[in-house]
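Data from start-v6.txt: compact mmCIF, C-alpha atoms
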# COMPACT_ATOMS: atom_id res chain seq x y z
CA MET A 1080 -1.00 27.59 40.94
CA GLY A 1081 -4.73 27.01 40.75
CA GLU A 1082 -7.03 24.36 39.46
CA VAL A 1083 -6.97 23.27 35.82
CA VAL A 1084 -10.02 22.00 33.93
CA LEU A 1085 -9.54 20.07 30.71
CA LEU A 1086 -12.59 20.07 28.45
CA ASP A 1087 -13.78 16.80 26.97
CA ALA A 1088 -15.44 16.93 23.54
CA GLY A 1089 -18.97 17.14 24.98
CA PRO A 1090 -18.57 20.40 26.89
CA LEU A 1091 -16.24 21.80 24.22
CA GLY A 1092 -18.86 21.13 21.56
CA MET A 1093 -21.52 22.83 23.67
CA ILE A 1094 -19.30 25.86 24.30
CA SER A 1095 -18.33 26.19 20.63
CA HIS A 1096 -21.92 25.92 19.41
CA PRO A 1097 -23.01 29.21 17.79
CA ARG A 1098 -26.16 29.14 19.95
CA VAL A 1099 -24.36 28.33 23.18
CA THR A 1100 -26.73 27.83 26.11
CA SER A 1101 -26.66 30.22 29.04
CA GLU A 1102 -26.04 27.23 31.34
CA ILE A 1103 -22.69 26.21 29.84
CA ALA A 1104 -21.68 29.79 29.03
CA GLY A 1105 -22.31 30.74 32.66
CA TRP A 1106 -20.40 27.70 33.87
CA LEU A 1107 -17.37 28.63 31.76
CA ALA A 1108 -17.56 32.28 32.85
CA GLN A 1109 -17.75 31.22 36.50
CA LEU A 1110 -14.65 29.04 36.17
CA LEU A 1111 -12.67 31.77 34.45
CA ALA A 1112 -13.79 34.40 37.00
CA ALA A 1113 -12.58 32.09 39.78
CA GLY A 1114 -9.12 31.94 38.18
CA VAL A 1115 -9.47 28.36 36.95
CA GLU A 1116 -7.36 27.61 33.89
CA VAL A 1117 -9.67 26.07 31.29
CA VAL A 1118 -7.79 24.02 28.70
CA ILE A 1119 -8.77 22.66 25.31
CA PRO A 1120 -6.95 19.34 24.79
CA GLU A 1121 -5.99 18.72 21.18
CA ILE A 1122 -7.88 15.41 21.07
CA ALA A 1123 -11.11 17.13 22.15
CA ASP A 1124 -10.57 19.81 19.50
CA PHE A 1125 -10.12 17.01 16.94
CA GLU A 1126 -13.35 15.29 17.97
CA VAL A 1127 -15.43 18.47 17.85
CA ARG A 1128 -13.77 19.92 14.74
CA ARG A 1129 -14.13 16.78 12.61
CA GLU A 1130 -17.86 16.69 13.28
CA LEU A 1131 -18.28 20.41 12.59
CA LEU A 1132 -16.40 20.04 9.31
CA ARG A 1133 -18.37 16.95 8.30
CA ALA A 1134 -21.64 18.77 8.95
CA GLY A 1135 -20.50 21.94 7.16
CA ARG A 1136 -20.90 24.05 10.33
CA SER A 1137 -18.55 26.92 9.53
CA LYS A 1138 -19.86 29.12 12.38
CA GLY A 1139 -19.03 26.35 14.85
CA VAL A 1140 -15.53 26.01 13.39
CA ARG A 1141 -14.99 29.77 13.72
CA ARG A 1142 -16.23 29.69 17.33
CA LEU A 1143 -13.92 26.74 18.07
CA ASP A 1144 -11.00 28.64 16.54
CA HIS A 1145 -11.88 31.67 18.67
CA LEU A 1146 -11.98 29.52 21.82
CA LYS A 1147 -8.54 28.12 20.95
CA SER A 1148 -7.18 31.66 20.88
CA THR A 1149 -8.97 32.61 24.13
CA LEU A 1150 -8.49 29.54 26.34
CA SER A 1151 -5.34 27.50 26.90
CA TYR A 1152 -4.60 24.78 24.34
CA LEU A 1153 -2.88 21.47 25.06
CA PRO A 1154 -1.17 19.81 22.09
CA ILE A 1155 -0.82 16.03 22.06
CA THR A 1156 2.68 15.00 23.11
CA THR A 1157 4.59 11.77 22.73
CA GLU A 1158 4.48 11.38 26.51
CA ALA A 1159 0.67 11.67 26.50
CA MET A 1160 0.37 9.10 23.69
CA ILE A 1161 2.62 6.64 25.55
CA ARG A 1162 0.48 7.07 28.66
CA ALA A 1163 -2.66 6.63 26.54
CA ALA A 1164 -1.31 3.37 25.12
CA ARG A 1165 -0.71 2.12 28.67
CA PHE A 1166 -4.24 3.11 29.69
CA TRP A 1167 -5.67 1.41 26.59
CA ALA A 1168 -3.80 -1.85 27.28
CA GLU A 1169 -4.66 -1.77 30.99
CA ALA A 1170 -8.37 -1.28 30.27
CA ARG A 1171 -8.43 -4.22 27.89
CA ARG A 1172 -6.50 -6.50 30.24
CA ARG A 1173 -9.07 -5.74 32.93
CA GLY A 1174 -11.99 -6.23 30.53
CA TYR A 1175 -13.06 -2.57 30.50
CA PRO A 1176 -12.36 -1.18 27.03
CA THR A 1177 -13.40 2.40 26.42
CA ALA A 1178 -13.90 1.92 22.65
CA HIS A 1179 -13.69 -0.75 19.97
CA ASP A 1180 -10.22 -2.27 19.57
CA ALA A 1181 -9.71 -0.84 16.07
CA SER A 1182 -10.99 2.67 16.83
CA LEU A 1183 -9.00 5.75 17.69
CA ASP A 1184 -9.78 5.81 21.41
CA ALA A 1185 -10.11 9.51 22.17
CA ASP A 1186 -10.98 8.85 25.82
CA VAL A 1187 -7.64 7.22 26.60
CA ILE A 1188 -5.80 9.89 24.62
CA LEU A 1189 -7.57 12.57 26.65
CA ALA A 1190 -6.73 10.64 29.83
CA GLY A 1191 -3.10 10.50 28.65
CA GLN A 1192 -3.13 14.25 28.12
CA ALA A 1193 -4.61 14.83 31.57
CA ALA A 1194 -2.20 12.42 33.28
CA THR A 1195 0.84 14.13 31.78
CA PHE A 1196 -0.36 17.71 32.31
CA PRO A 1197 2.39 19.52 34.22
CA ARG A 1198 0.17 20.53 37.14
CA GLU A 1199 -1.27 18.48 39.98
CA GLN A 1200 -4.82 19.82 40.28
CA VAL A 1201 -6.28 18.66 36.95
CA ILE A 1202 -9.85 17.51 36.35
CA VAL A 1203 -11.53 16.58 33.09
CA ALA A 1204 -14.98 18.09 32.58
CA SER A 1205 -17.10 15.69 30.55
CA THR A 1206 -20.66 14.79 29.62
CA ASN A 1207 -19.77 11.15 30.29
CA PRO A 1208 -16.89 10.90 32.80
CA LYS A 1209 -17.28 7.15 33.41
CA HIS A 1210 -14.52 5.98 31.03
CA LEU A 1211 -12.15 8.80 31.90
CA ALA A 1212 -12.53 8.37 35.66
CA ARG A 1213 -10.88 4.95 35.41
CA PHE A 1214 -7.61 6.71 34.66
CA VAL A 1215 -7.74 10.34 35.82
CA LEU A 1216 -9.87 12.69 37.88
CA ALA A 1217 -13.01 13.40 35.84
CA ASP A 1218 -16.54 14.53 36.57
CA HIS A 1219 -19.67 15.70 34.81
CA TRP A 1220 -19.08 19.27 33.64
CA GLN A 1221 -21.95 20.61 35.75
CA GLN A 1222 -20.25 19.28 38.90
CA VAL A 1223 -16.82 20.74 38.09
CA GLY A 1224 -16.23 24.00 39.89
CA SER A 1225 -19.43 23.82 41.92

Rewrite the structure from the file as structure tokens, please.
Amino acid sequence: MGEVVLLDAGPLGMISHPRVTSEIAGWLAQLLAAGVEVVIPEIADFEVRRELLRAGRSKGVRRLDHLKSTLSYLPITTEAMIRAARFWAEARRRGYPTAHDASLDADVILAGQAATFPREQVIVASTNPKHLARFVLADHWQQVGS
């Protein structure tokens, strides 16, 4: 079994943009050509989709739907949410929250999804891996696969 890359909302939003840049399109193509499993976590889909819907970007929604049918998709599980709650509490006990206390903390939910993914070689590709790297392997998307 090969490497698995989970997409954070930043790279997923860039890939689903109707005018996707050659840089991120090439990056994704390179990963797929190398046999890397690229996964859309449900929480990242939620983050990107809600903004596309709010902005009335129907082409972006269609592209996101197409990506969901092309790439692997990781639904949120109870196990991932329990792990996310542990991460959230741990971060606050240590004084390193990843979001406001009352907000839906997508970073810890994504970390929970990554931590409970059923394969060992999992990395989250992000535009801002700092919060995620406290809990799981994460790096800037341009560094993943290079």

Next on the checklist: What's around Leu1091 of chain A at 8 Å? Count all atoms listed in the file, leave out sequence neighbours fewer than 6 positions away in its own chain, and write the answer as an NGL selection string.
Outcome noted: :A and (1119 or 1123-1124 or 1127)

Checklist entry - So which residues touch Pro1208 of chain A within 7 Å, counting only C-alpha atoms, skipping near sequence neighbours fewer than 4 positions away, as a PyMOL selection string? => result chain A and resi 1212+1217-1219

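One finds atom CA of Glu1102 of chain A at 20.9 Å from atom CA of Glu1082 of chain A.
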
Item to check | Residue nearest Val1201 of chain A - candidates A:Val1140, A:Val1115, A:Met1160, A:Ile1103, atoms counted: all atoms listed in the file | outcome: A:Val1115

Item to check | Interatomic distance, atom CA of Arg1133 of chain A to atom CA of Gly1105 of chain A (Å, one decimal) | outcome: 28.3 Å

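Minimum atom-to-atom distance to Leu1085 of chain A, evaluated using only C-alpha atoms, belongs to A:Ser1151 out of A:Ser1151, A:Thr1157, A:Thr1177, A:Asn1207.
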
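Going from atom CA of Tyr1152 of chain A over to atom CA of His1210 of chain A, you cover 22.3 Å.
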
Item to check | Distance query Pro1154 of chain A at most 10 Å, all atoms listed in the file, self and fewer than 5 positions along chain excluded, as a PyMOL selection string | outcome: chain A and resi 1119-1122+1124+1159+1192

Export of the given selection (C-alpha atoms) as a compact mmCIF listing (two decimals), in the coordinates of the input:
# COMPACT_ATOMS: atom_id res chain seq x y z
CA ILE A 1119 -8.77 22.66 25.31
CA PRO A 1120 -6.95 19.34 24.79
CA GLU A 1121 -5.99 18.72 21.18
CA ILE A 1122 -7.88 15.41 21.07
CA ASP A 1124 -10.57 19.81 19.50
CA ALA A 1159 0.67 11.67 26.50
CA GLN A 1192 -3.13 14.25 28.12

Checklist entry - Taking into account all atoms listed in the file, which residue in the set A:Phe1214, A:Tyr1175, A:Phe1125, A:Trp1106 is nearest to Thr1195 of chain A? => result A:Phe1214

Next on the checklist: List as number ranges by chain the protein and nucleic acid residues near Val1215 of chain A, meaning an atom at most 8 Å away when only C-alpha atoms are counted, but skip any in the same chain fewer than 3 places from it.
Outcome noted: A: 1190, 1193-1194, 1202-1203, 1211-1212

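Minimum atom-to-atom distances from A:Gly1139, A:Ser1095, A:Thr1100, A:Phe1196 to Glu1158 of chain A were compared using all atoms listed in the file, and the lowest value belongs to A:Phe1196.
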
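Ranking A:Leu1132, A:Ile1094, A:Leu1110, A:Val1187 by their shortest atom-to-atom distance to His1145 of chain A, with all atoms listed in the file included, puts A:Ile1094 first.
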
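Neighbours of Thr1206 of chain A closer than or equal to 9 Å, with all atoms listed in the file counted and sequence neighbours fewer than 6 positions away skipped, come out as Asp1087, Ala1088, Gly1089, Pro1090, Asp1218, His1219, Trp1220 and Gln1221 of chain A.
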
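Proximity of A:Arg1173, A:Arg1129, A:His1096, A:Arg1213 to Leu1143 of chain A, computed with only C-alpha atoms, is greatest for A:His1096.
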